[in-house]
>>> print(open('protein.cif').read())   # mmCIF, C-alpha atoms
data_upload
loop_
_atom_site.group_PDB
_atom_site.id
_atom_site.type_symbol
_atom_site.label_atom_id
_atom_site.label_comp_id
_atom_site.auth_asym_id
_atom_site.auth_seq_id
_atom_site.Cartn_x
_atom_site.Cartn_y
_atom_site.Cartn_z
ATOM 1 C CA MET A 204 -144.899 117.311 54.722
ATOM 2 C CA LEU A 205 -145.044 114.606 52.059
ATOM 3 C CA ASN A 206 -146.414 117.110 49.588
ATOM 4 C CA TRP A 207 -143.635 119.551 50.430
ATOM 5 C CA MET A 208 -141.073 116.783 49.863
ATOM 6 C CA LYS A 209 -142.598 115.937 46.497
ATOM 7 C CA MET A 210 -142.702 119.513 45.297
ATOM 8 C CA SER A 211 -139.459 120.866 46.766
ATOM 9 C CA VAL A 212 -137.054 117.945 47.055
ATOM 10 C CA ALA A 213 -138.134 115.602 44.261
ATOM 11 C CA PRO A 214 -137.711 118.025 41.306
ATOM 12 C CA PRO A 215 -134.022 118.950 41.833
ATOM 13 C CA LEU A 216 -133.317 115.337 42.811
ATOM 14 C CA GLY A 217 -135.033 114.130 39.646
ATOM 15 C CA ALA A 218 -133.066 116.562 37.485
ATOM 16 C CA ARG A 219 -129.795 115.436 39.073
ATOM 17 C CA THR A 220 -130.746 111.790 38.581
ATOM 18 C CA ILE A 221 -131.337 112.398 34.868
ATOM 19 C CA ARG A 222 -128.001 114.216 34.569
ATOM 20 C CA LEU A 223 -126.258 111.443 36.511
ATOM 21 C CA LEU A 224 -127.817 108.781 34.298
ATOM 22 C CA GLY A 225 -126.662 110.767 31.293
ATOM 23 C CA HIS A 226 -123.093 110.753 32.610
ATOM 24 C CA THR A 227 -123.158 106.975 33.046
ATOM 25 C CA MET A 228 -124.224 106.353 29.435
ATOM 26 C CA ARG A 229 -122.441 106.479 26.141
ATOM 27 C CA LEU A 230 -124.781 108.922 24.438
ATOM 28 C CA SER A 231 -124.797 109.117 20.683
ATOM 29 C CA THR A 232 -126.966 111.169 18.374
ATOM 30 C CA ILE A 233 -128.299 110.074 15.014
ATOM 31 C CA GLY A 234 -129.817 112.529 12.561
ATOM 32 C CA ALA A 235 -128.801 115.668 14.446
ATOM 33 C CA GLU A 236 -127.712 117.310 11.188
ATOM 34 C CA THR A 237 -131.389 117.531 10.241
ATOM 35 C CA VAL A 238 -132.398 119.614 13.223
ATOM 36 C CA ASP A 239 -129.185 121.671 13.096
ATOM 37 C CA ALA A 240 -129.928 122.546 9.454
ATOM 38 C CA VAL A 241 -133.384 123.786 10.452
ATOM 39 C CA TYR A 242 -131.884 125.882 13.264
ATOM 40 C CA ARG A 243 -129.291 127.346 10.888
ATOM 41 C CA GLN A 244 -132.144 128.709 8.773
ATOM 42 C CA GLY A 245 -133.303 130.629 11.854
ATOM 43 C CA GLN A 246 -136.360 128.402 12.092
ATOM 44 C CA ARG A 247 -137.925 127.380 15.410
ATOM 45 C CA ILE A 248 -139.331 123.867 15.717
ATOM 46 C CA ILE A 249 -141.910 121.674 17.390
ATOM 47 C CA ILE A 250 -140.210 118.650 18.960
ATOM 48 C CA ALA A 251 -142.417 115.559 19.211
ATOM 49 C CA PHE A 252 -141.628 112.301 20.989
ATOM 50 C CA TRP A 253 -143.687 109.487 22.474
ATOM 51 C CA HIS A 254 -144.631 109.886 26.112
ATOM 52 C CA GLY A 255 -142.914 106.630 27.065
ATOM 53 C CA ARG A 256 -139.566 107.901 25.723
ATOM 54 C CA GLN A 257 -139.458 111.221 27.525
ATOM 55 C CA LEU A 258 -137.084 110.607 30.426
ATOM 56 C CA MET A 259 -133.744 111.511 28.839
ATOM 57 C CA MET A 260 -135.107 114.086 26.404
ATOM 58 C CA PRO A 261 -133.825 117.141 28.326
ATOM 59 C CA LEU A 262 -130.313 115.968 27.418
ATOM 60 C CA ALA A 263 -131.223 115.716 23.734
ATOM 61 C CA TYR A 264 -132.451 119.272 23.281
ATOM 62 C CA ARG A 265 -130.208 121.241 20.894
ATOM 63 C CA GLY A 266 -131.877 124.658 20.966
ATOM 64 C CA GLN A 267 -131.782 127.489 23.472
ATOM 65 C CA LEU A 268 -135.344 128.236 24.518
ATOM 66 C CA ALA A 269 -138.231 125.801 24.660
ATOM 67 C CA SER A 270 -141.717 125.575 26.097
ATOM 68 C CA ILE A 271 -142.910 122.112 27.004
ATOM 69 C CA LEU A 272 -146.504 120.951 27.341
ATOM 70 C CA ILE A 273 -147.133 119.104 30.623
ATOM 71 C CA SER A 274 -150.440 117.869 32.023
ATOM 72 C CA GLN A 275 -152.176 119.571 34.944
ATOM 73 C CA HIS A 276 -152.104 116.360 36.962
ATOM 74 C CA ARG A 277 -150.218 116.677 40.285
ATOM 75 C CA ASP A 278 -147.485 114.372 38.956
ATOM 76 C CA GLY A 279 -147.249 116.802 36.073
ATOM 77 C CA GLU A 280 -146.304 119.493 38.584
ATOM 78 C CA ILE A 281 -143.220 117.477 39.586
ATOM 79 C CA ILE A 282 -142.287 116.945 35.935
ATOM 80 C CA ALA A 283 -142.822 120.654 35.250
ATOM 81 C CA ARG A 284 -140.438 121.573 38.070
ATOM 82 C CA ILE A 285 -137.863 119.051 36.864
ATOM 83 C CA MET A 286 -138.075 120.573 33.379
ATOM 84 C CA GLN A 287 -137.594 124.040 34.867
ATOM 85 C CA CYS A 288 -134.327 122.768 36.382
ATOM 86 C CA PHE A 289 -133.209 122.160 32.774
ATOM 87 C CA GLY A 290 -134.301 125.635 31.692
ATOM 88 C CA PHE A 291 -137.542 124.669 29.955
ATOM 89 C CA GLN A 292 -140.665 126.741 30.349
ATOM 90 C CA ALA A 293 -143.585 124.526 31.395
ATOM 91 C CA ILE A 294 -147.016 125.116 29.906
ATOM 92 C CA ARG A 295 -149.685 123.174 31.748
ATOM 93 C CA GLY A 296 -152.590 121.418 30.094
ATOM 94 C CA SER A 297 -153.675 118.321 28.197
ATOM 95 C CA SER A 298 -156.528 117.073 26.046
ATOM 96 C CA THR A 299 -158.589 116.326 29.160
ATOM 97 C CA ARG A 300 -157.899 119.478 31.206
ATOM 98 C CA GLY A 301 -156.760 122.980 30.273
ATOM 99 C CA GLY A 302 -155.983 121.988 26.691
ATOM 100 C CA LEU A 303 -157.353 125.040 24.929
ATOM 101 C CA ARG A 304 -155.548 127.506 27.181
ATOM 102 C CA ALA A 305 -152.323 125.500 26.860
ATOM 103 C CA ILE A 306 -152.573 125.490 23.052
ATOM 104 C CA ARG A 307 -153.027 129.275 23.081
ATOM 105 C CA GLN A 308 -149.948 129.678 25.306
ATOM 106 C CA LEU A 309 -147.920 127.337 23.082
ATOM 107 C CA VAL A 310 -148.935 129.276 19.949
ATOM 108 C CA THR A 311 -147.848 132.512 21.630
ATOM 109 C CA ALA A 312 -144.542 130.950 22.737
ATOM 110 C CA GLY A 313 -143.943 129.619 19.213
ATOM 111 C CA ARG A 314 -144.655 132.984 17.638
ATOM 112 C CA ASN A 315 -142.311 134.664 20.120
ATOM 113 C CA GLY A 316 -139.373 132.639 18.840
ATOM 114 C CA GLY A 317 -139.203 129.639 21.128
ATOM 115 C CA ASP A 318 -139.240 125.941 20.375
ATOM 116 C CA LEU A 319 -142.233 123.871 21.440
ATOM 117 C CA VAL A 320 -142.013 120.401 22.959
ATOM 118 C CA VAL A 321 -144.977 117.996 23.010
ATOM 119 C CA THR A 322 -145.743 114.317 23.463
ATOM 120 C CA PRO A 323 -148.303 113.690 20.699
ATOM 121 C CA ASP A 324 -149.807 110.629 22.434
ATOM 122 C CA GLY A 325 -150.196 112.496 25.752
ATOM 123 C CA PRO A 326 -150.020 111.024 29.245
ATOM 124 C CA LYS A 327 -153.204 108.946 28.909
ATOM 125 C CA GLY A 328 -152.639 107.512 25.474
ATOM 126 C CA PRO A 329 -153.508 105.508 23.533
ATOM 127 C CA ALA A 330 -149.766 104.945 23.394
ATOM 128 C CA CYS A 331 -147.975 105.764 20.150
ATOM 129 C CA LYS A 332 -151.063 107.293 18.561
ATOM 130 C CA VAL A 333 -150.846 110.923 17.464
ATOM 131 C CA GLN A 334 -153.600 113.158 18.838
ATOM 132 C CA SER A 335 -154.814 116.165 16.900
ATOM 133 C CA GLY A 336 -153.379 118.875 19.192
ATOM 134 C CA VAL A 337 -149.823 118.777 17.859
ATOM 135 C CA MET A 338 -151.030 118.899 14.254
ATOM 136 C CA TYR A 339 -153.221 121.892 15.015
ATOM 137 C CA LEU A 340 -150.239 123.542 16.702
ATOM 138 C CA ALA A 341 -148.058 122.998 13.616
ATOM 139 C CA LYS A 342 -150.794 124.306 11.342
ATOM 140 C CA VAL A 343 -151.367 127.494 13.340
ATOM 141 C CA THR A 344 -147.724 128.353 14.093
ATOM 142 C CA GLY A 345 -146.284 127.225 10.739
ATOM 143 C CA LEU A 346 -143.411 125.525 12.582
ATOM 144 C CA PRO A 347 -142.050 122.169 11.361
ATOM 145 C CA ILE A 348 -142.487 119.107 13.577
ATOM 146 C CA LEU A 349 -139.218 117.280 14.309
ATOM 147 C CA PRO A 350 -139.767 113.691 15.465
ATOM 148 C CA LEU A 351 -137.342 112.588 18.177
ATOM 149 C CA THR A 352 -136.872 109.318 20.001
ATOM 150 C CA PHE A 353 -134.607 107.730 22.560
ATOM 151 C CA ALA A 354 -133.494 104.170 23.185
ATOM 152 C CA CYS A 355 -131.162 102.459 25.611
ATOM 153 C CA SER A 356 -129.824 98.934 25.727
ATOM 154 C CA LYS A 357 -130.937 98.148 29.283
ATOM 155 C CA LYS A 358 -134.207 99.492 30.564
ATOM 156 C CA LYS A 359 -137.146 98.868 32.848
ATOM 157 C CA SER A 360 -140.691 99.660 31.739
ATOM 158 C CA PHE A 361 -143.087 101.127 34.303
ATOM 159 C CA ARG A 362 -146.815 101.700 34.226
ATOM 160 C CA VAL A 363 -146.305 105.410 34.861
ATOM 161 C CA GLY A 364 -148.501 107.153 32.345
ATOM 162 C CA ILE A 365 -148.093 104.846 29.353
ATOM 163 C CA ASN A 366 -145.258 102.347 29.263
ATOM 164 C CA PHE A 367 -142.539 104.592 30.683
ATOM 165 C CA LYS A 368 -138.982 103.472 29.817
ATOM 166 C CA PHE A 369 -136.316 103.941 32.491
ATOM 167 C CA PRO A 370 -132.667 103.182 31.687
ATOM 168 C CA ILE A 371 -131.247 100.983 34.446
ATOM 169 C CA GLN A 372 -127.732 100.090 33.489
ATOM 170 C CA ALA A 373 -124.761 102.372 33.253
ATOM 171 C CA GLN A 374 -122.112 102.372 30.550
ATOM 172 C CA LYS A 375 -124.406 101.217 27.806
ATOM 173 C CA ASP A 376 -125.029 102.844 24.463
ATOM 174 C CA CYS A 377 -127.955 105.182 24.240
ATOM 175 C CA SER A 378 -129.363 106.743 21.144
ATOM 176 C CA CYS A 379 -130.330 110.164 22.326
ATOM 177 C CA GLY A 380 -128.557 113.460 21.889
ATOM 178 C CA GLU A 381 -126.182 115.936 23.369
ATOM 179 C CA ASN A 382 -126.702 119.651 23.600
ATOM 180 C CA PRO A 383 -123.998 121.343 21.499
ATOM 181 C CA TYR A 384 -124.570 124.566 23.424
ATOM 182 C CA GLY A 385 -123.679 122.912 26.732
ATOM 183 C CA MET B 252 -132.466 109.904 17.064
ATOM 184 C CA TRP B 253 -133.951 112.757 15.040
ATOM 185 C CA GLY B 254 -136.284 112.355 12.096
ATOM 186 C CA GLU B 255 -136.981 114.510 9.086
ATOM 187 C CA PRO B 256 -139.078 117.672 9.576
ATOM 188 C CA ILE B 257 -142.797 117.442 8.870
ATOM 189 C CA TRP B 258 -144.455 120.610 7.615
ATOM 190 C CA VAL B 259 -148.177 121.146 8.001
ATOM 191 C CA ASN B 260 -149.854 123.393 5.460
ATOM 192 C CA GLY B 261 -151.703 126.231 7.170
ATOM 193 C CA ASN B 262 -154.526 126.000 4.620
ATOM 194 C CA LEU B 263 -155.508 122.477 5.645
ATOM 195 C CA SER B 264 -158.851 122.039 7.347
ATOM 196 C CA ASN B 265 -158.937 120.287 10.712
ATOM 197 C CA ASP B 266 -160.209 117.112 9.005
ATOM 198 C CA GLN B 267 -157.268 117.151 6.608
ATOM 199 C CA LEU B 268 -154.777 117.159 9.506
ATOM 200 C CA TYR B 269 -155.228 113.398 9.721
ATOM 201 C CA GLY B 270 -152.731 112.837 6.870
ATOM 202 C CA PRO B 271 -149.757 114.703 8.388
ATOM 203 C CA GLY B 272 -150.711 113.184 11.756
ATOM 204 C CA LEU B 273 -150.377 109.715 10.293
ATOM 205 C CA GLU B 274 -147.025 110.711 8.767
ATOM 206 C CA LEU B 275 -145.789 111.848 12.200
ATOM 207 C CA GLU B 276 -147.029 108.644 13.811
ATOM 208 C CA ARG B 277 -145.266 106.449 11.255
ATOM 209 C CA SER B 278 -142.105 108.518 11.490
ATOM 210 C CA LEU B 279 -141.990 108.247 15.294
ATOM 211 C CA ASN B 280 -142.690 104.512 15.256
ATOM 212 C CA ARG B 281 -140.046 103.900 12.574
ATOM 213 C CA LEU B 282 -137.450 106.011 14.416
ATOM 214 C CA THR B 283 -138.191 104.252 17.699
ATOM 215 C CA ALA B 284 -137.820 100.828 16.085
ATOM 216 C CA GLN B 285 -134.526 101.909 14.478
ATOM 217 C CA ALA B 286 -133.222 103.345 17.748
ATOM 218 C CA ASP B 287 -134.134 100.164 19.642
ATOM 219 C CA LEU B 288 -132.320 98.124 16.999
ATOM 220 C CA ALA B 289 -129.285 100.420 17.085
ATOM 221 C CA VAL B 290 -128.764 99.999 20.828
ATOM 222 C CA GLN B 291 -129.437 96.243 20.705
ATOM 223 C CA ASP B 292 -126.078 95.743 19.006
ATOM 224 C CA SER B 293 -124.314 97.291 21.991
ATOM 225 C CA ASP B 294 -125.395 94.423 24.230
ATOM 226 C CA PRO B 295 -122.689 91.786 23.667
ATOM 227 C CA VAL B 296 -124.885 88.840 24.735
ATOM 228 C CA GLN B 297 -127.786 89.875 22.495
ATOM 229 C CA TYR B 298 -125.387 90.579 19.638
ATOM 230 C CA PHE B 299 -123.796 87.129 20.014
ATOM 231 C CA LEU B 300 -127.180 85.367 20.165
ATOM 232 C CA ARG B 301 -128.439 87.185 17.086
ATOM 233 C CA THR B 302 -125.209 86.498 15.228
ATOM 234 C CA ILE B 303 -125.309 82.747 15.814
ATOM 235 C CA SER B 304 -129.043 82.505 15.161
ATOM 236 C CA SER B 305 -128.691 84.253 11.795
ATOM 237 C CA HIS B 306 -125.645 82.207 10.763
ATOM 238 C CA ASP B 307 -126.234 79.704 7.955
ATOM 239 C CA MET B 308 -125.145 76.405 9.542
ATOM 240 C CA THR B 309 -124.986 74.609 6.170
ATOM 241 C CA GLY B 310 -122.286 76.966 5.033
ATOM 242 C CA LYS B 311 -123.853 77.226 1.584
ATOM 243 C CA ASN B 312 -123.714 80.977 1.650
ATOM 244 C CA ASP B 313 -120.127 81.202 2.783
ATOM 245 C CA THR B 314 -117.730 82.781 0.345
ATOM 246 C CA PHE B 315 -114.015 82.163 0.206
ATOM 247 C CA GLU B 316 -111.213 84.062 -1.384
ATOM 248 C CA VAL B 317 -108.410 82.094 -2.967
#
>>> encode(input="protein.cif", output="structure tokens")
Amino acid sequence: MLNWMKMSVAPPLGARTIRLLGHTMRLSTIGAETVDAVYRQGQRIIIAFWHGRQLMMPLAYRGQLASILISQHRDGEIIARIMQCFGFQAIRGSSTRGGLRAIRQLVTAGRNGGDLVVTPDGPKGPACKVQSGVMYLAKVTGLPILPLTFACSKKKSFRVGINFKFPIQAQKDCSCGENPYG
Amino acid sequence: MWGEPIWVNGNLSNDQLYGPGLELERSLNRLTAQADLAVQDSDPVQYFLRTISSHDMTGKNDTFEV
């Protein structure tokens, strides 16, 4: 029953919570012209952000089709389903489990014209240290890596994965992004 | 906050990927620090505290227009 709740109720609830949080913030984007210029050239991209800054990232995405790397841990399943609510395709794997297969799937997705989304420090860290997987991905696909980050004025840090930041106060400025395609 | 694109040469060996990896790491850390600083100013209490703490109380640096 608890498992059913986690897998069926939590994902849509989580997606709505993120959207609701987004509505309570004054979102502003800095440097969006860079990524828009890359898109205008018909180029797909690899989006990279630290694991601890991932919460509001679905609202920052400016493209139309993206595959996101998510660990095979059972919590990863919830995150994968939340991401699917935002239209992302989840590819499961990490450096500790299913990494090679996930890299192959990401390469295929990148070559088929989609964007790729990764957290280069992964769920286990060390935090804010780039692991080799994302660099290998960029080398093989030839796609540029676009660094992305998010900040908010009021937040609470949790020990979920590595130093997870959760915005807690509404009506505060957030440096994130808005999807121009709606 | 978006950063500048980082291109990785396809001819690099796996050992040589360390350089672009370090560039990505620095870029992400710099962006994150800038983003944190950018939203700090939106907190009126923090902004006030930083303003008064950085103010030169001797007034030596004040400029006046006549």
>>> closest_atom_pairs(input="protein.cif", of="chain B", to="chain A", cutoff="9 Å", atoms="all atoms listed in the file", output="JSON lines")
{"residue": "B:Met252", "atom": "CA", "partner": "A:Ile233", "partner_atom": "CA", "distance": 4.6}
{"residue": "B:Trp253", "atom": "CA", "partner": "A:Leu351", "partner_atom": "CA", "distance": 4.6}
{"residue": "B:Gly254", "atom": "CA", "partner": "A:Pro350", "partner_atom": "CA", "distance": 5.0}
{"residue": "B:Glu255", "atom": "CA", "partner": "A:Leu349", "partner_atom": "CA", "distance": 6.3}
{"residue": "B:Pro256", "atom": "CA", "partner": "A:Leu349", "partner_atom": "CA", "distance": 4.8}
{"residue": "B:Ile257", "atom": "CA", "partner": "A:Ile348", "partner_atom": "CA", "distance": 5.0}
{"residue": "B:Trp258", "atom": "CA", "partner": "A:Pro347", "partner_atom": "CA", "distance": 4.7}
{"residue": "B:Val259", "atom": "CA", "partner": "A:Lys342", "partner_atom": "CA", "distance": 5.3}
{"residue": "B:Asn260", "atom": "CA", "partner": "A:Lys342", "partner_atom": "CA", "distance": 6.0}
{"residue": "B:Gly261", "atom": "CA", "partner": "A:Lys342", "partner_atom": "CA", "distance": 4.7}
{"residue": "B:Asn262", "atom": "CA", "partner": "A:Lys342", "partner_atom": "CA", "distance": 7.9}
{"residue": "B:Leu263", "atom": "CA", "partner": "A:Lys342", "partner_atom": "CA", "distance": 7.6}
{"residue": "B:Asn265", "atom": "CA", "partner": "A:Tyr339", "partner_atom": "CA", "distance": 7.3}
{"residue": "B:Leu268", "atom": "CA", "partner": "A:Met338", "partner_atom": "CA", "distance": 6.3}
{"residue": "B:Tyr269", "atom": "CA", "partner": "A:Ser335", "partner_atom": "CA", "distance": 7.7}
{"residue": "B:Pro271", "atom": "CA", "partner": "A:Met338", "partner_atom": "CA", "distance": 7.3}
{"residue": "B:Gly272", "atom": "CA", "partner": "A:Val333", "partner_atom": "CA", "distance": 6.1}
{"residue": "B:Leu273", "atom": "CA", "partner": "A:Val333", "partner_atom": "CA", "distance": 7.3}
{"residue": "B:Leu275", "atom": "CA", "partner": "A:Pro350", "partner_atom": "CA", "distance": 7.1}
{"residue": "B:Glu276", "atom": "CA", "partner": "A:Val333", "partner_atom": "CA", "distance": 5.8}
{"residue": "B:Ser278", "atom": "CA", "partner": "A:Pro350", "partner_atom": "CA", "distance": 6.9}
{"residue": "B:Leu279", "atom": "CA", "partner": "A:Pro350", "partner_atom": "CA", "distance": 5.9}
{"residue": "B:Asn280", "atom": "CA", "partner": "A:Cys331", "partner_atom": "CA", "distance": 7.3}
{"residue": "B:Leu282", "atom": "CA", "partner": "A:Thr352", "partner_atom": "CA", "distance": 6.5}
{"residue": "B:Thr283", "atom": "CA", "partner": "A:Thr352", "partner_atom": "CA", "distance": 5.7}
{"residue": "B:Ala284", "atom": "CA", "partner": "A:Ala354", "partner_atom": "CA", "distance": 9.0}
{"residue": "B:Ala286", "atom": "CA", "partner": "A:Ala354", "partner_atom": "CA", "distance": 5.5}
{"residue": "B:Asp287", "atom": "CA", "partner": "A:Ala354", "partner_atom": "CA", "distance": 5.4}
{"residue": "B:Leu288", "atom": "CA", "partner": "A:Ala354", "partner_atom": "CA", "distance": 8.7}
{"residue": "B:Ala289", "atom": "CA", "partner": "A:Ser378", "partner_atom": "CA", "distance": 7.5}
{"residue": "B:Val290", "atom": "CA", "partner": "A:Ser356", "partner_atom": "CA", "distance": 5.1}
{"residue": "B:Gln291", "atom": "CA", "partner": "A:Ser356", "partner_atom": "CA", "distance": 5.7}
{"residue": "B:Asp292", "atom": "CA", "partner": "A:Ser356", "partner_atom": "CA", "distance": 8.3}
{"residue": "B:Ser293", "atom": "CA", "partner": "A:Asp376", "partner_atom": "CA", "distance": 6.1}
{"residue": "B:Asp294", "atom": "CA", "partner": "A:Ser356", "partner_atom": "CA", "distance": 6.5}
>>> atom_distance(input="protein.cif", atom1="CA of Gln275 (chain A)", atom2="CA of Thr322 (chain A)")
14.2 Å
>>> resolve_selection(input="protein.cif", expression="the PyMOL selection byres ((chain A and resi 297) around 8)", output="list in words")
Leu272, Ile273, Ser274, Gln275, Arg295, Gly296, Ser298, Thr299, Arg300, Gly301, Gly302, Ala305 and Gly325 of chain A
>>> closest_residue(input="protein.cif", among="A:Ala240, A:Val212, A:Met228, A:Leu303", to="Gly266 (chain A)", atoms="only C-alpha atoms")
A:Ala240
>>> axis_aligned_box(input="protein.cif", around="region 254-266 of chain B", padding_each_side="6 Å", output="lines of an AutoDock Vina configuration file")
center_x = -148.2
center_y = 119.3
center_z = 8.4
size_x = 35.9
size_y = 25.9
size_z = 19.5
>>> atom_distance(input="protein.cif", atom1="CA of Gly290 (chain A)", atom2="CA of Arg265 (chain A)")
12.4 Å
>>> closest_residue(input="protein.cif", among="A:Ser270, A:Gln287, A:Gln308, A:Thr220", to="Val320 (chain A)", atoms="all atoms listed in the file")
A:Ser270
>>> residues_around(input="protein.cif", residues="Cys288 (chain A)", least_positions_apart="6", cutoff="8 Å", atoms="only C-alpha atoms", output="PyMOL selection string")
chain A and resi 214-215+218
